[in-house]
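Following: one structure in structure tokens, then a few remarks.
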Amino acid sequence: MSITILGFESSCDETGVALVTCSPGQVPVLRAHALYSQVQMHQAYGGVVPELASRDHVRRALPLAREVLAKAGAELAEVDIVAYTQGPGLAGALLVGAGVASALGAALGKPTLGVHHLEGHLLSPFLSADPPEFPFVALLVSGGHTQLMRVDGVGQYGLLGETIDDAAGEAFDKSAKLLGLGYPGGPALSRLAQQGDDQAFDLPRPLLHQPNLDFSFAGLKTAVMIALRKLGPVPSEQQKADLAASTEAAIVEVLVRKSLRALKESGLQRLVVAGGVGANSRLRRDLNAVAMRRGLRVHYPELELCTDNGAMIAMAAAMRLQAGLARPNCDYRFEV
Ligand code: KG4
Ligand code: ZN
């Protein structure tokens, strides 16, 4: 018997809705998804304003759900379970998603299922044309998290290492802010980096030579700040591009080298990259190059599904249900 899941994502500044159908023993199928990004609204403030984010989720959630159902040619009555992002994220924004999902579930007489946002990211590569097989090492790199995990199956997650301070996405965002680039900083810094010389500044590679799988990016941000000060009050566009390229190179090198170490130590040949920073083209280029040389496989979500979206939430709900791990209407903990 197949199950149809309507999933809502609203943890930060994207409202995402998706419809996924799963049948026993088969990879769940994404029937349609829709996303509304609040980026433009928050741009004027240089970052996400939580209250504005919550209010906008209220405006977008149901119209997006209607759009998804229309795209999929489905009726609301076909929905068996309403899934939503349970956390982590902005409290008000999460409450909107949980509220909408609970109200819809109650109105339809269908159960709801809370999904951990990071598990959504982690399982998002299963929505790609080239889904991974278990077991694999996962590099989870978002705006709030940087973790290396050993993944043996759905719900079977072992934490290998994580950041002891800032996340990789945060390092991109904060460095971008120092360089006067807009929000969101990661893509903006990456675009500017393409015009720059990545050897121009000798920036630190924190914890690279420590014999562990942890990360630290707070010192890098300080190093960027000091480098910028040395350039005087009005650095040239080329100097800024060089600093952007050097910053990106430093972050990416640490992510690549630690991922390789995690693969080596776990004896695995497959790496899955997930989370917003997984959209970074230099990270993909450098990982693909080293993977080719060493006979490793690297899987990514589709580019549009790297950052927050509803498809990953509906997909994670489907995979947890298939694995017999999820009980609708019950909270669960994402154990690592
Ligand atoms: O996964 P995500 O959408 O939200 C969280 O769960 O945090 O990740 C957002 C993060 C932001 O820090 C953003 O700057 C970063 O991902 N990001 C990028 C790129 N696209 C998004 N960082 C570097 N290069 C990119 N192309
Ligand atoms: Zn996210």
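Here's how to read the names in the structure tokens: chain A, B, ... by the order shown, residue numbers from 1 in each chain, ligand numbers from 1 in the order shown.
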Item to check | All residues 9 Å or closer to stretch 61-78 of chain A, only C-alpha atoms, same chain fewer than 2 positions away omitted, as a ChimeraX atom specification | outcome: /A:3-10,15-19,31-36,56-59,80,96-97,100,108
Hey, what's within 7 Å of A:Leu148 if we count only C-alpha atoms and toss same-chain stuff fewer than 6 positions away? As a PDB file with C-alpha atoms, in the first residue's frame, please?
ATOM      1  CA  VAL A 137      30.038   9.128   5.469  1.00  0.00           C
ATOM      2  CA  ALA A 138      27.957  12.309   5.466  1.00  0.00           C
ATOM      3  CA  LEU A 139      29.343  15.815   5.499  1.00  0.00           C
ATOM      4  CA  LEU A 140      26.498  17.961   6.759  1.00  0.00           C
ATOM      5  CA  LEU A 159      28.665  11.409  14.974  1.00  0.00           C
ATOM      6  CA  LEU A 160      32.330  11.356  13.890  1.00  0.00           C
ATOM      7  CA  GLY A 161      33.137  15.024  14.356  1.00  0.00           C
ATOM      8  CA  GLU A 162      31.605  18.491  14.384  1.00  0.00           C
TER       9      GLU A 162
END
Checklist entry - Which chains and residue numbers are within 6 Å of ligand 1, counting only C-alpha atoms and all ligand atoms, if I want them as a ChimeraX atom specification? => result /A:142-144,169-170,172-173,184-187,190,275-277,279-280,307-308
Checklist entry - Can you list, as a ChimeraX atom specification, every protein, DNA or RNA residue that comes within 9 Å of A:His42 when you count only C-alpha atoms, leaving out same-chain residues fewer than 5 positions away? => result /A:13,47-49,52-53,183
Write a file of the selected residues as a PDB file, in the first residue's frame, keeping N, CA and C atoms.
ATOM      1  N   ASP A  13      14.233  30.898   6.662  1.00  0.00           N
ATOM      2  CA  ASP A  13      13.730  31.928   5.744  1.00  0.00           C
ATOM      3  C   ASP A  13      13.248  31.381   4.411  1.00  0.00           C
ATOM      4  N   GLY A  47      20.274  40.246   7.309  1.00  0.00           N
ATOM      5  CA  GLY A  47      20.141  38.912   7.919  1.00  0.00           C
ATOM      6  C   GLY A  47      18.672  38.624   8.189  1.00  0.00           C
ATOM      7  N   VAL A  48      18.410  37.417   8.695  1.00  0.00           N
ATOM      8  CA  VAL A  48      17.016  37.010   8.893  1.00  0.00           C
ATOM      9  C   VAL A  48      16.414  37.719  10.111  1.00  0.00           C
ATOM     10  N   VAL A  49      15.258  38.333   9.942  1.00  0.00           N
ATOM     11  CA  VAL A  49      14.516  38.933  11.067  1.00  0.00           C
ATOM     12  C   VAL A  49      13.433  37.913  11.461  1.00  0.00           C
ATOM     13  N   LEU A  52       9.614  38.683  11.121  1.00  0.00           N
ATOM     14  CA  LEU A  52       9.170  38.818   9.726  1.00  0.00           C
ATOM     15  C   LEU A  52       9.115  37.443   9.061  1.00  0.00           C
ATOM     16  N   ALA A  53      10.073  36.598   9.409  1.00  0.00           N
ATOM     17  CA  ALA A  53      10.110  35.245   8.826  1.00  0.00           C
ATOM     18  C   ALA A  53       8.835  34.494   9.195  1.00  0.00           C
ATOM     19  N   TYR A 183      23.334  39.622   1.978  1.00  0.00           N
ATOM     20  CA  TYR A 183      22.830  38.393   2.581  1.00  0.00           C
ATOM     21  C   TYR A 183      22.021  37.659   1.508  1.00  0.00           C
TER      22      TYR A 183
END
Contacts of stretch 12-118 of chain A with stretch 315-326 of chain A up to 7 Å, shortest pair per row, only C-alpha atoms, as a tab-separated table:
residue	atom	partner	partner_atom	distance
A:Val20	CA	A:Met315	CA	6.5
A:Cys22	CA	A:Ala318	CA	6.3
A:Pro24	CA	A:Gln322	CA	6.7
A:Pro28	CA	A:Ala318	CA	6.6
A:Ala83	CA	A:Ala317	CA	6.5
A:Val115	CA	A:Ala317	CA	6.3
Could you write out the selected residues, including C-alpha atoms, as an mmCIF file, in the first residue's frame?
data_model
loop_
_atom_site.group_PDB
_atom_site.id
_atom_site.type_symbol
_atom_site.label_atom_id
_atom_site.label_comp_id
_atom_site.auth_asym_id
_atom_site.auth_seq_id
_atom_site.Cartn_x
_atom_site.Cartn_y
_atom_site.Cartn_z
ATOM 1 C CA VAL A 20 6.025 12.518 -1.777
ATOM 2 C CA CYS A 22 6.205 5.955 -0.994
ATOM 3 C CA PRO A 24 7.042 -0.605 0.303
ATOM 4 C CA PRO A 28 9.954 7.343 -2.316
ATOM 5 C CA ALA A 83 4.921 16.124 7.867
ATOM 6 C CA VAL A 115 10.882 15.665 11.120
#
Next on the checklist: Quick one: residues within 7 Å of A:Leu203, only C-alpha atoms, excluding same-chain residues fewer than 6 positions away - as a list in words?
Outcome noted: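 Once the nearby chain positions are removed, what remains is Leu220, Ala223, Ser246, Thr247 and Ala250 of chain A.
If you measure from each of A:Asp197, A:Asp130, A:Glu119, A:Asp202 to A:Glu302 using only C-alpha atoms, the closest one turns out to be A:Asp130.
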Item to check | Residue with smallest distance to A:Pro88 - pool A:Lys258, A:His145, A:Arg55, A:Arg327, counting only C-alpha atoms | outcome: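 Nearest to A:Pro88: A:His145.
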Next on the checklist: When you look at A:Ser266 with a cut-off of 9 Å (counting only C-alpha atoms), what residues show up, excluding the ones that are within fewer than 3 positions of it in the same chain? I need them as JSON, numbers by chain.
Outcome noted: {"A": [137, 150, 261, 262, 263, 269]}
Checklist entry - Among stretch 36-264 of chain A, which residues carry a DSSP assignment of strand (DSSP E), reported as a PyMOL selection string? => result chain A and resi 36-37+81-87+112-116+136-141+146-153+156-162
Next on the checklist: What's around A:Ser175 at 8 Å? Count only C-alpha atoms, leave out sequence neighbours fewer than 4 positions away in its own chain, and write the answer as a list in words.
Outcome noted: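 Here the answer would be Ala171, Leu179, Gly185, Leu189, Lys221, Val224, Met225, Ala244 and Thr247 of chain A.
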